[in-house]
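**Student:** Have a look at this one before I ask anything.
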Amino acid sequence: MGGLRKPALLPPAKSASAATRFHSFDLLATLVAVVQGNGTVVFANSALEDALGSSRRTIEGSHFPDSFTEPHILSNALEGAGGNEFAALRYDAWLRRLNHDPIPVHVIVTQTEAPDEIIVELLPLEQQARQDREERLADQAQANKELIRNLAHEIKNPLGGIRGAAQLLEMEIESRELTEYTQVIIREADRLQTLVDRLLAPHRRPHLVGDVNIHEVCERVRSLILAEFPKGLLVVRDYDTSIPEFRGDREQLIQTVLNIAHNACQALSERIAAGNALVTFRTRVARQITFGKQRYRLALELHVIDNGPGVPDSIKERIFYPLVSGRDGGSGLGLTLAQTFVQQHHGSIECESVPGRTDFQILIPLP
């Protein structure tokens with residue numbers, strides 16, 4: 001990485017000792033460097049490797065302050081830590097990266113009991129904001145699940161009574177005009193019953209786990225939406241074929257992607273009529289991803305992208321809430337079920353939307 005100064009490298013025995021002593025830092029999602037008072041890196045964990053875009057061998061032995069846009073701040077902090085001026089110091093900075101723009105980080109400089117060893121922990125501010133958002137979404141999804149289950153059960157019992165009473169009443173009525181009213185009651189009771197069943201479906205059905213090829217899932221969904229929208233819609237496949245199979249519920253994932261793609265197609269109605277509607281399925285491998293507070297080395301990154309008008313601002317923050325829909329006649333359950341199914345795979349789902357581009361991103365841990 002440009003600008004890194006390399007003082008004399010540590011002797012191999014000391015490097016091996018550092019790697020052994022600090023190997024537990026590799027399990028952390030945060031970026032960690034152990035440095036000497038003069039700024040020389042003794043150890044860098046794997047998260048820091050990924051963030052800097054450099055190997056551990058390159059980072060260790062380098063002058064760590066040079067990895068920041070304002071190196072003197074860390075140099076002063078290390079000097080203060082070496083002089084026992086504080087036990088821990090926090091500040092915000094910008095971390096340089098190889099071939100990438102700098103990223104904002106929160107820096108924590110902490111003394112250790114060992115002489116001339118200081119721990120520098122970096123929390124990417126974007127990552128912290130994302131983790132906070134994921135935790136908020138997880139809490140919201142759990143609250144939604146409890147609300148849905150309780151509400152559905154409260155509706156289900158009286159609904160059966162209403163339908164049964166309407167049927168008995170219909171048997172006693174001779175007037176055809178009055179029978180039409182009982183038929184309305186029965187039909188509406190059946191419609192509500194169907195809605196309740198859909199609300200309860202993801203919590204009733206067992207989680208059937210098997211080997212899943214995400215591209216088979218995408219191809220199944222592609223064939224379904226092209227059968228429903230045969231003209232005016234182009235479905236682009238942008239696949240990373242190196243993505244391995246993983247353990248999951250294939251039918252749940254098909255339903256997840258289908259719900260998102262079907263919503264996209266309905267939002268694209270005007271473009272489909274004009275013949276220029278576009279939906280893209282893009283798969284990639286994401287590295288060193290954190291879900292909640294657990295870090296995964298690899299994750300599936302699936303994007304469903306459309307060129308529609310975008311999610312209305314009025315519901316953008318609530319699109320995963322149950323019964324929230326951006327179109328007339330929509331049930332508002334498709335994205336709620338998609339979120340539930342993704343979370344049952346220990347993953348996350350997010351949406352970024354502006355007019356002309358809506359991107360639903362699904363992340364699922366890979367083995």
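Every chain in the structure tokens takes a letter, A first, then B, and so on in the order presented; its residues are numbered from 1, and the ligands are numbered from 1 following the presented order.
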Give me the residues near Gln339 (chain A) as a list in words, where near means some atom within 8 Å (using only C-alpha atoms) and where sequence neighbours in that chain fewer than 4 positions away do not count.
**Tutor:**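 Residues meeting the cut-off are Ala141, Thr256, Phe320, Leu335, Gln343, Ser348 and Ile349 of chain A.
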**Student:** List as number ranges by chain the protein and nucleic acid residues near region 248-252 of chain A, meaning an atom at most 12 Å away when only C-alpha atoms are counted, but skip any in the same chain fewer than 3 places from it.
**Tutor:** A: 201-203, 205-218, 220-221, 245, 255-259, 337-347, 364-367
**Student:** Write out as a VMD selection string each polymer residue whose atoms come within 10 Å of Glu70 (chain A), counting only C-alpha atoms; drop sequence neighbours fewer than 3 positions from it.
**Tutor:** chain A and resid 65 to 67 73 to 75 93 to 96
**Student:** Go ahead and dump the residues you just picked, C-alpha atoms, as a short mmCIF file (atom, residue, chain, number, x, y, z; two decimals), in the first residue's frame.
**Tutor:**
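Resulting contents of result-v5.cif:
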data_model
loop_
_atom_site.label_atom_id
_atom_site.label_comp_id
_atom_site.auth_asym_id
_atom_site.auth_seq_id
_atom_site.Cartn_x
_atom_site.Cartn_y
_atom_site.Cartn_z
CA PRO A 65 0.12 5.83 11.17
CA ASP A 66 0.88 6.05 7.43
CA SER A 67 -2.32 4.06 6.81
CA ILE A 73 -2.89 11.99 15.13
CA LEU A 74 -2.21 8.28 15.63
CA SER A 75 1.51 8.95 16.18
CA ALA A 93 -10.23 9.26 11.32
CA TRP A 94 -9.99 8.23 7.66
CA LEU A 95 -8.28 4.94 6.82
CA ARG A 96 -6.44 4.65 3.50
#
**Student:** Can you work out which one of A:Val236, A:Val304, A:Leu125, A:Ala81 has the shortest atom-to-atom distance to Glu113 (chain A), counting only C-alpha atoms?
**Tutor:**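 The shortest atom-to-atom distance to Glu113 (chain A) comes from A:Ala81.
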**Student:** Here is a test: counting only C-alpha atoms, which residue of A:Gln36, A:Ser46, A:Gln140, A:Asn307 is nearest to Arg287 (chain A)?
**Tutor:**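 Among A:Gln36, A:Ser46, A:Gln140, A:Asn307, it is A:Ser46 that comes nearest to Arg287 (chain A).
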**Student:** Tell me which protein, DNA and RNA residues are within 10 Å of Phe22 (chain A), counting only C-alpha atoms, leaving out same-chain ones fewer than 6 positions away, and put them as JSON, numbers by chain.
**Tutor:** {"A": [32, 33, 34, 42, 43, 44, 45]}
**Student:** Output the selection as a PDB file, in the first residue's frame - C-alpha atoms for each residue.
**Tutor:**
ATOM      1  CA  VAL A  32      -7.379  -4.708  14.937  1.00  0.00           C
ATOM      2  CA  ALA A  33      -3.665  -3.923  14.810  1.00  0.00           C
ATOM      3  CA  VAL A  34      -1.129  -4.484  17.586  1.00  0.00           C
ATOM      4  CA  VAL A  42       3.367  -6.325  15.212  1.00  0.00           C
ATOM      5  CA  PHE A  43       0.113  -8.038  14.241  1.00  0.00           C
ATOM      6  CA  ALA A  44      -2.833  -7.331  11.913  1.00  0.00           C
ATOM      7  CA  ASN A  45      -6.016  -9.373  12.017  1.00  0.00           C
TER       8      ASN A  45
END
**Student:** Using DSSP on the backbone, list every residue of region 31-197 of chain A that comes out as strand (DSSP E or B), and give them as a PyMOL selection string.
**Tutor:** chain A and resi 31-35+40-44+63+68+88-97+100-111+118-124
**Student:** Let's see if you can do this: from backbone DSSP, list all helix (DSSP H, G or I) residues in region 237-356 of chain A, as a PyMOL selection string.
**Tutor:** chain A and resi 250-267+269-274+316-318+334-344
**Student:** With N, CA and C atoms retained, write the just-selected residues as an mmCIF file, in the first residue's frame.
**Tutor:**
data_model
loop_
_atom_site.group_PDB
_atom_site.id
_atom_site.type_symbol
_atom_site.label_atom_id
_atom_site.label_comp_id
_atom_site.auth_asym_id
_atom_site.auth_seq_id
_atom_site.Cartn_x
_atom_site.Cartn_y
_atom_site.Cartn_z
ATOM 1 N N ARG A 250 -34.851 -24.593 -0.224
ATOM 2 C CA ARG A 250 -34.944 -24.161 -1.617
ATOM 3 C C ARG A 250 -36.287 -23.494 -1.913
ATOM 4 N N GLU A 251 -37.385 -24.084 -1.433
ATOM 5 C CA GLU A 251 -38.707 -23.544 -1.734
ATOM 6 C C GLU A 251 -38.903 -22.168 -1.092
ATOM 7 N N GLN A 252 -38.379 -22.003 0.110
ATOM 8 C CA GLN A 252 -38.476 -20.691 0.749
ATOM 9 C C GLN A 252 -37.700 -19.640 -0.036
ATOM 10 N N LEU A 253 -36.524 -20.015 -0.527
ATOM 11 C CA LEU A 253 -35.716 -19.049 -1.270
ATOM 12 C C LEU A 253 -36.345 -18.727 -2.620
ATOM 13 N N ILE A 254 -36.952 -19.723 -3.268
ATOM 14 C CA ILE A 254 -37.678 -19.449 -4.510
ATOM 15 C C ILE A 254 -38.811 -18.465 -4.241
ATOM 16 N N GLN A 255 -39.551 -18.699 -3.159
ATOM 17 C CA GLN A 255 -40.660 -17.803 -2.821
ATOM 18 C C GLN A 255 -40.151 -16.408 -2.507
ATOM 19 N N THR A 256 -39.009 -16.314 -1.832
ATOM 20 C CA THR A 256 -38.417 -15.018 -1.494
ATOM 21 C C THR A 256 -38.094 -14.219 -2.750
ATOM 22 N N VAL A 257 -37.324 -14.833 -3.653
ATOM 23 C CA VAL A 257 -36.904 -14.132 -4.869
ATOM 24 C C VAL A 257 -38.114 -13.843 -5.764
ATOM 25 N N LEU A 258 -39.062 -14.781 -5.796
ATOM 26 C CA LEU A 258 -40.260 -14.580 -6.611
ATOM 27 C C LEU A 258 -41.081 -13.404 -6.090
ATOM 28 N N ASN A 259 -41.240 -13.289 -4.789
ATOM 29 C CA ASN A 259 -41.996 -12.166 -4.224
ATOM 30 C C ASN A 259 -41.370 -10.833 -4.614
ATOM 31 N N ILE A 260 -40.026 -10.756 -4.522
ATOM 32 C CA ILE A 260 -39.339 -9.507 -4.864
ATOM 33 C C ILE A 260 -39.461 -9.224 -6.359
ATOM 34 N N ALA A 261 -39.198 -10.247 -7.185
ATOM 35 C CA ALA A 261 -39.249 -10.057 -8.637
ATOM 36 C C ALA A 261 -40.667 -9.738 -9.103
ATOM 37 N N HIS A 262 -41.654 -10.378 -8.510
ATOM 38 C CA HIS A 262 -43.043 -10.130 -8.910
ATOM 39 C C HIS A 262 -43.453 -8.709 -8.555
ATOM 40 N N ASN A 263 -43.046 -8.233 -7.367
ATOM 41 C CA ASN A 263 -43.297 -6.834 -7.006
ATOM 42 C C ASN A 263 -42.658 -5.897 -8.018
ATOM 43 N N ALA A 264 -41.421 -6.233 -8.425
ATOM 44 C CA ALA A 264 -40.722 -5.400 -9.398
ATOM 45 C C ALA A 264 -41.488 -5.341 -10.712
ATOM 46 N N CYS A 265 -41.963 -6.489 -11.178
ATOM 47 C CA CYS A 265 -42.693 -6.527 -12.449
ATOM 48 C C CYS A 265 -43.985 -5.727 -12.385
ATOM 49 N N GLN A 266 -44.666 -5.784 -11.262
ATOM 50 C CA GLN A 266 -45.890 -4.997 -11.125
ATOM 51 C C GLN A 266 -45.585 -3.503 -11.106
ATOM 52 N N ALA A 267 -44.464 -3.115 -10.510
ATOM 53 C CA ALA A 267 -44.064 -1.707 -10.527
ATOM 54 C C ALA A 267 -43.615 -1.271 -11.920
ATOM 55 N N SER A 269 -45.090 -1.928 -14.749
ATOM 56 C CA SER A 269 -46.190 -2.101 -15.698
ATOM 57 C C SER A 269 -46.116 -1.129 -16.876
ATOM 58 N N GLU A 270 -45.786 0.126 -16.599
ATOM 59 C CA GLU A 270 -45.707 1.102 -17.690
ATOM 60 C C GLU A 270 -44.535 0.803 -18.613
ATOM 61 N N ARG A 271 -43.412 0.426 -18.045
ATOM 62 C CA ARG A 271 -42.251 0.093 -18.881
ATOM 63 C C ARG A 271 -42.486 -1.196 -19.663
ATOM 64 N N ILE A 272 -43.196 -2.162 -19.064
ATOM 65 C CA ILE A 272 -43.515 -3.397 -19.800
ATOM 66 C C ILE A 272 -44.389 -3.067 -21.002
ATOM 67 N N ALA A 273 -45.359 -2.170 -20.795
ATOM 68 C CA ALA A 273 -46.215 -1.746 -21.912
ATOM 69 C C ALA A 273 -45.400 -1.036 -22.990
ATOM 70 N N ALA A 274 -44.359 -0.304 -22.566
ATOM 71 C CA ALA A 274 -43.509 0.412 -23.523
ATOM 72 C C ALA A 274 -42.427 -0.488 -24.116
ATOM 73 N N LYS A 316 -40.987 3.958 2.137
ATOM 74 C CA LYS A 316 -39.621 3.431 1.959
ATOM 75 C C LYS A 316 -39.065 2.836 3.244
ATOM 76 N N GLU A 317 -39.362 3.435 4.373
ATOM 77 C CA GLU A 317 -38.849 2.942 5.649
ATOM 78 C C GLU A 317 -39.702 1.812 6.219
ATOM 79 N N ARG A 318 -40.837 1.495 5.563
ATOM 80 C CA ARG A 318 -41.769 0.522 6.131
ATOM 81 C C ARG A 318 -42.091 -0.619 5.175
ATOM 82 N N GLY A 334 -45.861 -9.807 0.658
ATOM 83 C CA GLY A 334 -44.763 -10.408 -0.101
ATOM 84 C C GLY A 334 -43.394 -10.133 0.479
ATOM 85 N N LEU A 335 -43.106 -8.867 0.796
ATOM 86 C CA LEU A 335 -41.785 -8.519 1.326
ATOM 87 C C LEU A 335 -41.637 -8.936 2.783
ATOM 88 N N THR A 336 -42.744 -8.948 3.529
ATOM 89 C CA THR A 336 -42.690 -9.426 4.909
ATOM 90 C C THR A 336 -42.292 -10.896 4.939
ATOM 91 N N LEU A 337 -42.902 -11.696 4.060
ATOM 92 C CA LEU A 337 -42.549 -13.114 3.987
ATOM 93 C C LEU A 337 -41.112 -13.284 3.505
ATOM 94 N N ALA A 338 -40.693 -12.477 2.527
ATOM 95 C CA ALA A 338 -39.311 -12.556 2.031
ATOM 96 C C ALA A 338 -38.332 -12.297 3.164
ATOM 97 N N GLN A 339 -38.593 -11.269 3.973
ATOM 98 C CA GLN A 339 -37.711 -10.958 5.100
ATOM 99 C C GLN A 339 -37.675 -12.109 6.106
ATOM 100 N N THR A 340 -38.846 -12.693 6.378
ATOM 101 C CA THR A 340 -38.915 -13.811 7.322
ATOM 102 C C THR A 340 -38.088 -14.987 6.832
ATOM 103 N N PHE A 341 -38.241 -15.339 5.545
ATOM 104 C CA PHE A 341 -37.508 -16.485 5.000
ATOM 105 C C PHE A 341 -36.005 -16.238 4.993
ATOM 106 N N VAL A 342 -35.576 -15.029 4.649
ATOM 107 C CA VAL A 342 -34.138 -14.718 4.636
ATOM 108 C C VAL A 342 -33.571 -14.794 6.050
ATOM 109 N N GLN A 343 -34.286 -14.275 7.013
ATOM 110 C CA GLN A 343 -33.802 -14.306 8.393
ATOM 111 C C GLN A 343 -33.756 -15.728 8.940
ATOM 112 N N GLN A 344 -34.640 -16.612 8.442
ATOM 113 C CA GLN A 344 -34.568 -18.010 8.843
ATOM 114 C C GLN A 344 -33.308 -18.680 8.284
#
**Student:** Can you tell me which residues surround Leu192 (chain A) at a distance of at most 12 Å, considering only C-alpha atoms, apart from same-chain residues fewer than 2 positions away, and format the answer as a ChimeraX atom specification?
**Tutor:** /A:152,155-160,162-163,185-190,194-199,331
**Student:** Using only C-alpha atoms for the distances, tell me which of A:Glu177, A:Val109, A:Gly82, A:Leu300 is nearest to Thr241 (chain A).
**Tutor:**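 Closest to Thr241 (chain A) of all the choices is A:Leu300.
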**Student:** Can you work out which one of A:Leu89, A:Leu98, A:Leu27, A:Ala77 has the shortest atom-to-atom distance to Leu52 (chain A), counting only C-alpha atoms?
**Tutor:** A:Leu98
